[in-house]
file work_3.pdb (PDB, C-alpha atoms)
ATOM      1  CA  MET A   1     -26.443  -8.442 -28.104  1.00  0.00           C
ATOM      2  CA  ALA A   2     -26.044  -5.154 -26.271  1.00  0.00           C
ATOM      3  CA  LYS A   3     -22.647  -4.212 -24.910  1.00  0.00           C
ATOM      4  CA  PHE A   4     -22.213  -3.245 -21.248  1.00  0.00           C
ATOM      5  CA  THR A   5     -20.636   0.140 -20.643  1.00  0.00           C
ATOM      6  CA  PHE A   6     -20.048   1.417 -17.137  1.00  0.00           C
ATOM      7  CA  ARG A   7     -20.714   5.133 -17.070  1.00  0.00           C
ATOM      8  CA  LEU A   8     -18.202   5.674 -14.238  1.00  0.00           C
ATOM      9  CA  GLN A   9     -15.412   3.657 -15.879  1.00  0.00           C
ATOM     10  CA  ASN A  10     -13.196   6.748 -16.217  1.00  0.00           C
ATOM     11  CA  ILE A  11     -13.457   7.417 -12.484  1.00  0.00           C
ATOM     12  CA  LEU A  12     -12.762   3.753 -11.708  1.00  0.00           C
ATOM     13  CA  SER A  13      -9.665   3.885 -13.914  1.00  0.00           C
ATOM     14  CA  VAL A  14      -8.460   7.003 -12.116  1.00  0.00           C
ATOM     15  CA  LYS A  15      -9.062   5.351  -8.736  1.00  0.00           C
ATOM     16  CA  GLU A  16      -7.066   2.301  -9.861  1.00  0.00           C
ATOM     17  CA  LYS A  17      -4.188   4.556 -10.953  1.00  0.00           C
ATOM     18  CA  LEU A  18      -4.321   6.427  -7.631  1.00  0.00           C
ATOM     19  CA  GLU A  19      -4.228   3.117  -5.786  1.00  0.00           C
ATOM     20  CA  ASN A  20      -1.205   1.993  -7.806  1.00  0.00           C
ATOM     21  CA  GLN A  21       0.540   5.292  -7.040  1.00  0.00           C
ATOM     22  CA  ALA A  22      -0.262   4.892  -3.352  1.00  0.00           C
ATOM     23  CA  LYS A  23       1.140   1.345  -3.432  1.00  0.00           C
ATOM     24  CA  ALA A  24       4.331   2.626  -5.027  1.00  0.00           C
ATOM     25  CA  GLU A  25       4.612   5.441  -2.480  1.00  0.00           C
ATOM     26  CA  TYR A  26       4.044   2.988   0.374  1.00  0.00           C
ATOM     27  CA  GLY A  27       6.761   0.734  -1.032  1.00  0.00           C
ATOM     28  CA  VAL A  28       9.209   3.643  -1.226  1.00  0.00           C
ATOM     29  CA  GLU A  29       8.450   4.705   2.340  1.00  0.00           C
ATOM     30  CA  MET A  30       8.871   1.140   3.608  1.00  0.00           C
ATOM     31  CA  ALA A  31      12.213   0.873   1.796  1.00  0.00           C
ATOM     32  CA  LYS A  32      13.362   4.124   3.425  1.00  0.00           C
ATOM     33  CA  LEU A  33      12.282   2.818   6.826  1.00  0.00           C
ATOM     34  CA  ARG A  34      14.236  -0.415   6.355  1.00  0.00           C
ATOM     35  CA  GLU A  35      17.256   1.613   5.244  1.00  0.00           C
ATOM     36  CA  GLU A  36      17.104   3.819   8.344  1.00  0.00           C
ATOM     37  CA  GLN A  37      16.698   0.793  10.598  1.00  0.00           C
ATOM     38  CA  GLU A  38      19.719  -0.790   8.914  1.00  0.00           C
ATOM     39  CA  LYS A  39      21.773   2.366   9.582  1.00  0.00           C
ATOM     40  CA  LYS A  40      20.831   2.224  13.260  1.00  0.00           C
ATOM     41  CA  MET A  41      21.740  -1.443  13.464  1.00  0.00           C
ATOM     42  CA  GLN A  42      25.155  -0.715  11.929  1.00  0.00           C
ATOM     43  CA  MET A  43      25.685   2.098  14.428  1.00  0.00           C
ATOM     44  CA  GLU A  44      24.788  -0.198  17.306  1.00  0.00           C
ATOM     45  CA  GLN A  45      27.198  -2.851  16.025  1.00  0.00           C
ATOM     46  CA  LYS A  46      29.948  -0.258  15.717  1.00  0.00           C
ATOM     47  CA  SER A  47      29.189   0.919  19.257  1.00  0.00           C
ATOM     48  CA  LEU A  48      29.527  -2.633  20.577  1.00  0.00           C
ATOM     49  CA  GLN A  49      32.777  -3.042  18.686  1.00  0.00           C
ATOM     50  CA  MET A  50      34.113   0.215  20.120  1.00  0.00           C
ATOM     51  CA  GLN A  51      33.076  -0.782  23.632  1.00  0.00           C
ATOM     52  CA  GLU A  52      34.983  -4.047  23.209  1.00  0.00           C
ATOM     53  CA  GLU A  53      38.028  -2.098  22.031  1.00  0.00           C
ATOM     54  CA  LEU A  54      37.666   0.188  25.030  1.00  0.00           C
ATOM     55  CA  THR A  55      37.539  -2.805  27.333  1.00  0.00           C
ATOM     56  CA  ASP A  56      40.690  -4.160  25.687  1.00  0.00           C
ATOM     57  CA  LEU A  57      42.376  -0.768  26.091  1.00  0.00           C
ATOM     58  CA  LEU A  58      41.424  -0.615  29.742  1.00  0.00           C
ATOM     59  CA  ASN A  59      42.829  -4.094  30.326  1.00  0.00           C
ATOM     60  CA  ALA A  60      46.044  -3.375  28.422  1.00  0.00           C
ATOM     61  CA  THR A  61      48.712  -0.852  29.261  1.00  0.00           C
ATOM     62  CA  LEU A  62      47.008   2.389  30.126  1.00  0.00           C
ATOM     63  CA  ASP A  63      46.990   4.819  27.225  1.00  0.00           C
ATOM     64  CA  ILE A  64      44.815   7.621  28.582  1.00  0.00           C
ATOM     65  CA  LEU A  65      44.650   9.498  25.297  1.00  0.00           C
ATOM     66  CA  ARG A  66      43.378   6.465  23.375  1.00  0.00           C
ATOM     67  CA  ILE A  67      40.943   5.589  26.170  1.00  0.00           C
ATOM     68  CA  ARG A  68      39.453   9.084  26.204  1.00  0.00           C
ATOM     69  CA  LYS A  69      39.277   9.105  22.433  1.00  0.00           C
ATOM     70  CA  MET A  70      37.433   5.808  22.486  1.00  0.00           C
ATOM     71  CA  GLU A  71      35.055   6.981  25.220  1.00  0.00           C
ATOM     72  CA  TRP A  72      34.352  10.162  23.262  1.00  0.00           C
ATOM     73  CA  GLY A  73      33.737   8.118  20.120  1.00  0.00           C
ATOM     74  CA  ILE A  74      31.302   5.879  21.967  1.00  0.00           C
ATOM     75  CA  GLU A  75      29.423   8.884  23.372  1.00  0.00           C
ATOM     76  CA  MET A  76      29.192  10.438  19.918  1.00  0.00           C
ATOM     77  CA  LEU A  77      27.922   7.158  18.524  1.00  0.00           C
ATOM     78  CA  LYS A  78      25.285   6.956  21.264  1.00  0.00           C
ATOM     79  CA  GLU A  79      24.093  10.432  20.283  1.00  0.00           C
ATOM     80  CA  ASP A  80      24.022   9.394  16.629  1.00  0.00           C
ATOM     81  CA  ILE A  81      21.972   6.333  17.549  1.00  0.00           C
ATOM     82  CA  ALA A  82      19.507   8.507  19.470  1.00  0.00           C
ATOM     83  CA  LEU A  83      19.199  10.808  16.461  1.00  0.00           C
ATOM     84  CA  GLN A  84      18.756   7.810  14.201  1.00  0.00           C
ATOM     85  CA  GLU A  85      15.923   6.585  16.412  1.00  0.00           C
ATOM     86  CA  GLN A  86      14.208   9.927  15.848  1.00  0.00           C
ATOM     87  CA  VAL A  87      14.717   9.563  12.092  1.00  0.00           C
ATOM     88  CA  ILE A  88      13.192   6.093  12.274  1.00  0.00           C
ATOM     89  CA  LYS A  89      10.179   7.399  14.209  1.00  0.00           C
ATOM     90  CA  ARG A  90       9.622  10.117  11.596  1.00  0.00           C
ATOM     91  CA  GLN A  91       9.942   7.549   8.840  1.00  0.00           C
ATOM     92  CA  GLU A  92       7.458   5.274  10.622  1.00  0.00           C
ATOM     93  CA  GLN A  93       5.025   8.206  10.604  1.00  0.00           C
ATOM     94  CA  GLN A  94       5.610   8.605   6.854  1.00  0.00           C
ATOM     95  CA  VAL A  95       4.914   4.897   6.402  1.00  0.00           C
ATOM     96  CA  LYS A  96       1.685   5.190   8.419  1.00  0.00           C
ATOM     97  CA  LYS A  97       0.637   8.165   6.319  1.00  0.00           C
ATOM     98  CA  ALA A  98       1.387   6.306   3.094  1.00  0.00           C
ATOM     99  CA  ARG A  99      -0.472   3.242   4.370  1.00  0.00           C
ATOM    100  CA  LYS A 100      -3.498   5.356   5.253  1.00  0.00           C
ATOM    101  CA  LYS A 101      -3.422   6.883   1.766  1.00  0.00           C
ATOM    102  CA  LEU A 102      -3.165   3.412   0.239  1.00  0.00           C
ATOM    103  CA  ASP A 103      -6.070   2.114   2.339  1.00  0.00           C
ATOM    104  CA  GLN A 104      -8.214   5.049   1.286  1.00  0.00           C
ATOM    105  CA  ALA A 105      -7.339   4.565  -2.382  1.00  0.00           C
ATOM    106  CA  MET A 106      -8.162   0.857  -2.135  1.00  0.00           C
ATOM    107  CA  GLN A 107     -11.474   1.613  -0.442  1.00  0.00           C
ATOM    108  CA  GLU A 108     -12.434   4.137  -3.128  1.00  0.00           C
ATOM    109  CA  ARG A 109     -11.499   1.708  -5.902  1.00  0.00           C
ATOM    110  CA  LYS A 110     -13.526  -1.058  -4.285  1.00  0.00           C
ATOM    111  CA  THR A 111     -16.506   1.284  -3.978  1.00  0.00           C
ATOM    112  CA  TYR A 112     -16.433   1.997  -7.700  1.00  0.00           C
ATOM    113  CA  GLU A 113     -15.918  -1.674  -8.504  1.00  0.00           C
ATOM    114  CA  LYS A 114     -19.030  -2.506  -6.464  1.00  0.00           C
ATOM    115  CA  LEU A 115     -20.937   0.183  -8.351  1.00  0.00           C
ATOM    116  CA  LYS A 116     -19.720  -1.377 -11.580  1.00  0.00           C
ATOM    117  CA  GLU A 117     -20.837  -4.834 -10.450  1.00  0.00           C
ATOM    118  CA  LYS A 118     -24.280  -3.505  -9.494  1.00  0.00           C
ATOM    119  CA  ALA A 119     -24.588  -1.694 -12.818  1.00  0.00           C
ATOM    120  CA  PHE A 120     -23.609  -4.872 -14.630  1.00  0.00           C
ATOM    121  CA  GLU A 121     -26.198  -6.888 -12.692  1.00  0.00           C
ATOM    122  CA  ALA A 122     -28.852  -4.289 -13.569  1.00  0.00           C
ATOM    123  CA  PHE A 123     -27.714  -4.486 -17.203  1.00  0.00           C
ATOM    124  CA  LYS A 124     -28.076  -8.269 -17.177  1.00  0.00           C
ATOM    125  CA  LEU A 125     -31.561  -7.989 -15.648  1.00  0.00           C
ATOM    126  CA  GLU A 126     -32.603  -5.497 -18.335  1.00  0.00           C
ATOM    127  CA  LEU A 127     -31.170  -7.750 -21.021  1.00  0.00           C
ATOM    128  CA  ASN A 128     -32.995 -10.774 -19.621  1.00  0.00           C
ATOM    129  CA  ALA A 129     -36.229  -8.781 -19.413  1.00  0.00           C
ATOM    130  CA  ALA A 130     -35.847  -7.683 -23.025  1.00  0.00           C
ATOM    131  CA  GLU A 131     -35.146 -11.253 -24.138  1.00  0.00           C
ATOM    132  CA  GLN A 132     -38.129 -12.515 -22.143  1.00  0.00           C
ATOM    133  CA  LYS A 133     -40.318  -9.877 -23.788  1.00  0.00           C
ATOM    134  CA  GLU A 134     -39.120 -10.973 -27.231  1.00  0.00           C
ATOM    135  CA  VAL A 135     -39.822 -14.614 -26.371  1.00  0.00           C
ATOM    136  CA  ASP A 136     -43.286 -13.694 -25.065  1.00  0.00           C
ATOM    137  CA  GLU A 137     -44.033 -11.725 -28.226  1.00  0.00           C
ATOM    138  CA  LEU A 138     -42.773 -14.581 -30.380  1.00  0.00           C
ATOM    139  CA  VAL A 139     -44.870 -17.117 -28.488  1.00  0.00           C
ATOM    140  CA  SER A 140     -47.878 -14.826 -28.633  1.00  0.00           C
ATOM    141  CA  PHE A 141     -47.368 -14.241 -32.355  1.00  0.00           C
ATOM    142  CA  THR A 142     -46.933 -17.956 -33.022  1.00  0.00           C
ATOM    143  CA  HIS A 143     -49.969 -18.805 -30.914  1.00  0.00           C
ATOM    144  CA  SER A 144     -52.153 -16.239 -32.695  1.00  0.00           C
ATOM    145  CA  ASN A 145     -50.991 -17.476 -36.127  1.00  0.00           C
ATOM    146  CA  THR A 146     -51.800 -21.097 -35.250  1.00  0.00           C
ATOM    147  CA  ALA A 147     -55.211 -20.040 -33.921  1.00  0.00           C
ATOM    148  CA  GLU A 148     -56.001 -18.127 -37.165  1.00  0.00           C
ATOM    149  CA  SER A 149     -54.886 -21.006 -39.375  1.00  0.00           C
ATOM    150  CA  GLU A 150     -57.145 -23.414 -37.477  1.00  0.00           C
ATOM    151  CA  ASP A 151     -60.181 -21.158 -38.189  1.00  0.00           C
TER     152      ASP A 151
END
call {"tool": "encode", "arguments": {"input": "work_3.pdb", "output": "structure tokens"}}
result
Amino acid sequence: MAKFTFRLQNILSVKEKLENQAKAEYGVEMAKLREEQEKKMQMEQKSLQMQEELTDLLNATLDILRIRKMEWGIEMLKEDIALQEQVIKRQEQQVKKARKKLDQAMQERKTYEKLKEKAFEAFKLELNAAEQKEVDELVSFTHSNTAESED
């Protein structure tokens, strides 16, 4: 029996590798995004904690120096949170870019897989046609031999 070989198998293999690389890159970018979001969440929690401390300071005996220090710390933390939001937005763009690259790699791989499937179907049709031809020849040969032996 003939063996099926896909003439574009090398390209399909490359496309599969590119897709796997794109998946890995997407995973890395998503991990970075989660890390940046976690940093922001920690900053926000620290800000809340500092605001509670400030409230306690304001309710306690007035220590102007500590109050101003706390207010300054909160303002700095707010700026850090705003910067972190920008980092997150940039990272989201990186994730989108990686996702687009992954989608394209998947689409290319699927295209070559469809080509492979079509080539395999054509191969099976050719194989069936060849087998049918052999059967027809065998039947024809057998029929002609039986006709000659009857004469």
call {"tool": "resolve_selection", "arguments": {"input": "work_3.pdb", "expression": "the PyMOL selection byres ((chain A and resi 2) around 12)", "output": "PyMOL selection string"}}
result
chain A and resi 1+3-5+120+123-124+126-128+130-131
call {"tool": "residues_around", "arguments": {"input": "work_3.pdb", "residues": "Lys23 in chain A", "least_positions_apart": "5", "cutoff": "12 Å", "atoms": "all atoms listed in the file", "output": "ChimeraX atom specification"}}
result
/A:16-18,28-30,95,97-106
call {"tool": "atom_distance", "arguments": {"input": "work_3.pdb", "atom1": "CA of Phe6 in chain A", "atom2": "CA of Lys114 in chain A"}}
result
11.4 Å
call {"tool": "residues_around", "arguments": {"input": "work_3.pdb", "residues": "Leu54 in chain A", "least_positions_apart": "4", "cutoff": "10 Å", "atoms": "all atoms listed in the file", "output": "PyMOL selection string"}}
result
chain A and resi 48-50+58-60+66-71+74
call {"tool": "atom_distance", "arguments": {"input": "work_3.pdb", "atom1": "CA of Gln93 in chain A", "atom2": "CA of Gln107 in chain A"}}
result
20.9 Å
call {"tool": "atom_distance", "arguments": {"input": "work_3.pdb", "atom1": "CA of Glu38 in chain A", "atom2": "CA of Arg90 in chain A"}}
result
15.1 Å
call {"tool": "axis_aligned_box", "arguments": {"input": "work_3.pdb", "around": "range 8-18 of chain A", "padding_each_side": "6 Å", "output": "AutoDock Vina command-line options"}}
result
--center_x -11.2 --center_y 4.9 --center_z -11.9 --size_x 26.0 --size_y 17.1 --size_z 20.6
call {"tool": "resolve_selection", "arguments": {"input": "work_3.pdb", "expression": "the PyMOL selection byres ((chain A and resi 46) around 12)", "output": "number ranges by chain"}}
result
A: 39-45, 47-53, 70, 73-78, 80-81
call {"tool": "write_last_selection", "arguments": {"input": "work_3.pdb", "atoms": "C-alpha atoms", "output": "PDB file, in the frame of the given file"}}
result
ATOM      1  CA  LYS A  39      21.773   2.366   9.582  1.00  0.00           C
ATOM      2  CA  LYS A  40      20.831   2.224  13.260  1.00  0.00           C
ATOM      3  CA  MET A  41      21.740  -1.443  13.464  1.00  0.00           C
ATOM      4  CA  GLN A  42      25.155  -0.715  11.929  1.00  0.00           C
ATOM      5  CA  MET A  43      25.685   2.098  14.428  1.00  0.00           C
ATOM      6  CA  GLU A  44      24.788  -0.198  17.306  1.00  0.00           C
ATOM      7  CA  GLN A  45      27.198  -2.851  16.025  1.00  0.00           C
ATOM      8  CA  SER A  47      29.189   0.919  19.257  1.00  0.00           C
ATOM      9  CA  LEU A  48      29.527  -2.633  20.577  1.00  0.00           C
ATOM     10  CA  GLN A  49      32.777  -3.042  18.686  1.00  0.00           C
ATOM     11  CA  MET A  50      34.113   0.215  20.120  1.00  0.00           C
ATOM     12  CA  GLN A  51      33.076  -0.782  23.632  1.00  0.00           C
ATOM     13  CA  GLU A  52      34.983  -4.047  23.209  1.00  0.00           C
ATOM     14  CA  GLU A  53      38.028  -2.098  22.031  1.00  0.00           C
ATOM     15  CA  MET A  70      37.433   5.808  22.486  1.00  0.00           C
ATOM     16  CA  GLY A  73      33.737   8.118  20.120  1.00  0.00           C
ATOM     17  CA  ILE A  74      31.302   5.879  21.967  1.00  0.00           C
ATOM     18  CA  GLU A  75      29.423   8.884  23.372  1.00  0.00           C
ATOM     19  CA  MET A  76      29.192  10.438  19.918  1.00  0.00           C
ATOM     20  CA  LEU A  77      27.922   7.158  18.524  1.00  0.00           C
ATOM     21  CA  LYS A  78      25.285   6.956  21.264  1.00  0.00           C
ATOM     22  CA  ASP A  80      24.022   9.394  16.629  1.00  0.00           C
ATOM     23  CA  ILE A  81      21.972   6.333  17.549  1.00  0.00           C
TER      24      ILE A  81
END
call {"tool": "residues_near_point", "arguments": {"input": "work_3.pdb", "point": "(-11.3, -0.5, -8.8)", "cutoff": "7 Å", "atoms": "only C-alpha atoms", "output": "list in words"}}
result
Leu12, Ser13, Lys15, Glu16, Arg109, Lys110, Tyr112 and Glu113 of chain A
call {"tool": "build_atoms", "arguments": {"input": "work_3.pdb", "residues": "range 13-24 of chain A", "atoms": "all heavy atoms", "output": "CSV table (one decimal), in the coordinates of the input"}}
result
chain,number,residue,atom,x,y,z
A,13,SER,N,-11.0,4.0,-13.4
A,13,SER,CA,-9.7,3.9,-13.9
A,13,SER,C,-8.8,4.8,-13.2
A,13,SER,O,-7.6,4.5,-12.8
A,13,SER,CB,-9.6,4.2,-15.4
A,13,SER,OG,-10.4,3.3,-16.1
A,14,VAL,N,-9.3,6.0,-12.9
A,14,VAL,CA,-8.5,7.0,-12.1
A,14,VAL,C,-8.2,6.5,-10.7
A,14,VAL,O,-7.1,6.6,-10.2
A,14,VAL,CB,-9.2,8.4,-12.1
A,14,VAL,CG1,-8.5,9.3,-11.0
A,14,VAL,CG2,-9.2,9.0,-13.4
A,15,LYS,N,-9.2,5.9,-10.1
A,15,LYS,CA,-9.1,5.4,-8.7
A,15,LYS,C,-8.0,4.2,-8.7
A,15,LYS,O,-7.2,4.1,-7.8
A,15,LYS,CB,-10.4,4.9,-8.2
A,15,LYS,CG,-11.4,6.0,-8.0
A,15,LYS,CD,-11.0,7.0,-7.0
A,15,LYS,CE,-12.0,8.1,-6.8
A,15,LYS,NZ,-11.6,9.1,-5.9
A,16,GLU,N,-8.0,3.4,-9.8
A,16,GLU,CA,-7.1,2.3,-9.9
A,16,GLU,C,-5.7,2.9,-10.0
A,16,GLU,O,-4.7,2.4,-9.4
A,16,GLU,CB,-7.4,1.4,-11.0
A,16,GLU,CG,-8.6,0.5,-10.8
A,16,GLU,CD,-9.1,-0.2,-12.0
A,16,GLU,OE1,-8.6,0.1,-13.2
A,16,GLU,OE2,-9.9,-1.2,-11.9
A,17,LYS,N,-5.5,3.9,-10.8
A,17,LYS,CA,-4.2,4.6,-11.0
A,17,LYS,C,-3.7,5.2,-9.6
A,17,LYS,O,-2.6,5.1,-9.2
A,17,LYS,CB,-4.2,5.6,-12.0
A,17,LYS,CG,-4.3,5.0,-13.4
A,17,LYS,CD,-4.4,6.1,-14.5
A,17,LYS,CE,-4.6,5.5,-15.9
A,17,LYS,NZ,-4.8,6.5,-16.9
A,18,LEU,N,-4.7,5.8,-8.9
A,18,LEU,CA,-4.3,6.4,-7.6
A,18,LEU,C,-3.9,5.4,-6.6
A,18,LEU,O,-3.0,5.5,-5.8
A,18,LEU,CB,-5.5,7.2,-7.1
A,18,LEU,CG,-5.8,8.5,-7.8
A,18,LEU,CD1,-7.1,9.2,-7.2
A,18,LEU,CD2,-4.6,9.5,-7.6
A,19,GLU,N,-4.6,4.2,-6.7
A,19,GLU,CA,-4.2,3.1,-5.8
A,19,GLU,C,-2.8,2.6,-6.1
A,19,GLU,O,-2.0,2.4,-5.2
A,19,GLU,CB,-5.2,2.0,-5.9
A,19,GLU,CG,-4.9,0.8,-5.0
A,19,GLU,CD,-5.8,-0.4,-5.1
A,19,GLU,OE1,-6.8,-0.3,-5.9
A,19,GLU,OE2,-5.6,-1.4,-4.5
A,20,ASN,N,-2.5,2.5,-7.4
A,20,ASN,CA,-1.2,2.0,-7.8
A,20,ASN,C,-0.1,3.0,-7.4
A,20,ASN,O,1.0,2.6,-6.9
A,20,ASN,CB,-1.2,1.8,-9.3
A,20,ASN,CG,-1.9,0.5,-9.7
A,20,ASN,OD1,-2.2,-0.4,-8.9
A,20,ASN,ND2,-2.4,0.5,-10.9
A,21,GLN,N,-0.4,4.3,-7.5
A,21,GLN,CA,0.5,5.3,-7.0
A,21,GLN,C,0.7,5.2,-5.5
A,21,GLN,O,1.9,5.3,-5.0
A,21,GLN,CB,0.1,6.7,-7.4
A,21,GLN,CG,0.2,7.0,-8.9
A,21,GLN,CD,-0.4,8.4,-9.2
A,21,GLN,OE1,-1.1,9.0,-8.4
A,21,GLN,NE2,-0.2,8.8,-10.4
A,22,ALA,N,-0.4,5.0,-4.8
A,22,ALA,CA,-0.3,4.9,-3.4
A,22,ALA,C,0.5,3.7,-3.0
A,22,ALA,O,1.3,3.7,-2.0
A,22,ALA,CB,-1.7,4.9,-2.7
A,23,LYS,N,0.4,2.6,-3.7
A,23,LYS,CA,1.1,1.3,-3.4
A,23,LYS,C,2.6,1.6,-3.6
A,23,LYS,O,3.5,1.2,-2.8
A,23,LYS,CB,0.7,0.2,-4.3
A,23,LYS,CG,-0.6,-0.5,-3.9
A,23,LYS,CD,-0.9,-1.6,-4.9
A,23,LYS,CE,-2.3,-2.2,-4.6
A,23,LYS,NZ,-2.6,-3.2,-5.6
A,24,ALA,N,2.9,2.3,-4.7
A,24,ALA,CA,4.3,2.6,-5.0
A,24,ALA,C,4.9,3.5,-3.9
A,24,ALA,O,6.0,3.3,-3.5
A,24,ALA,CB,4.4,3.3,-6.4
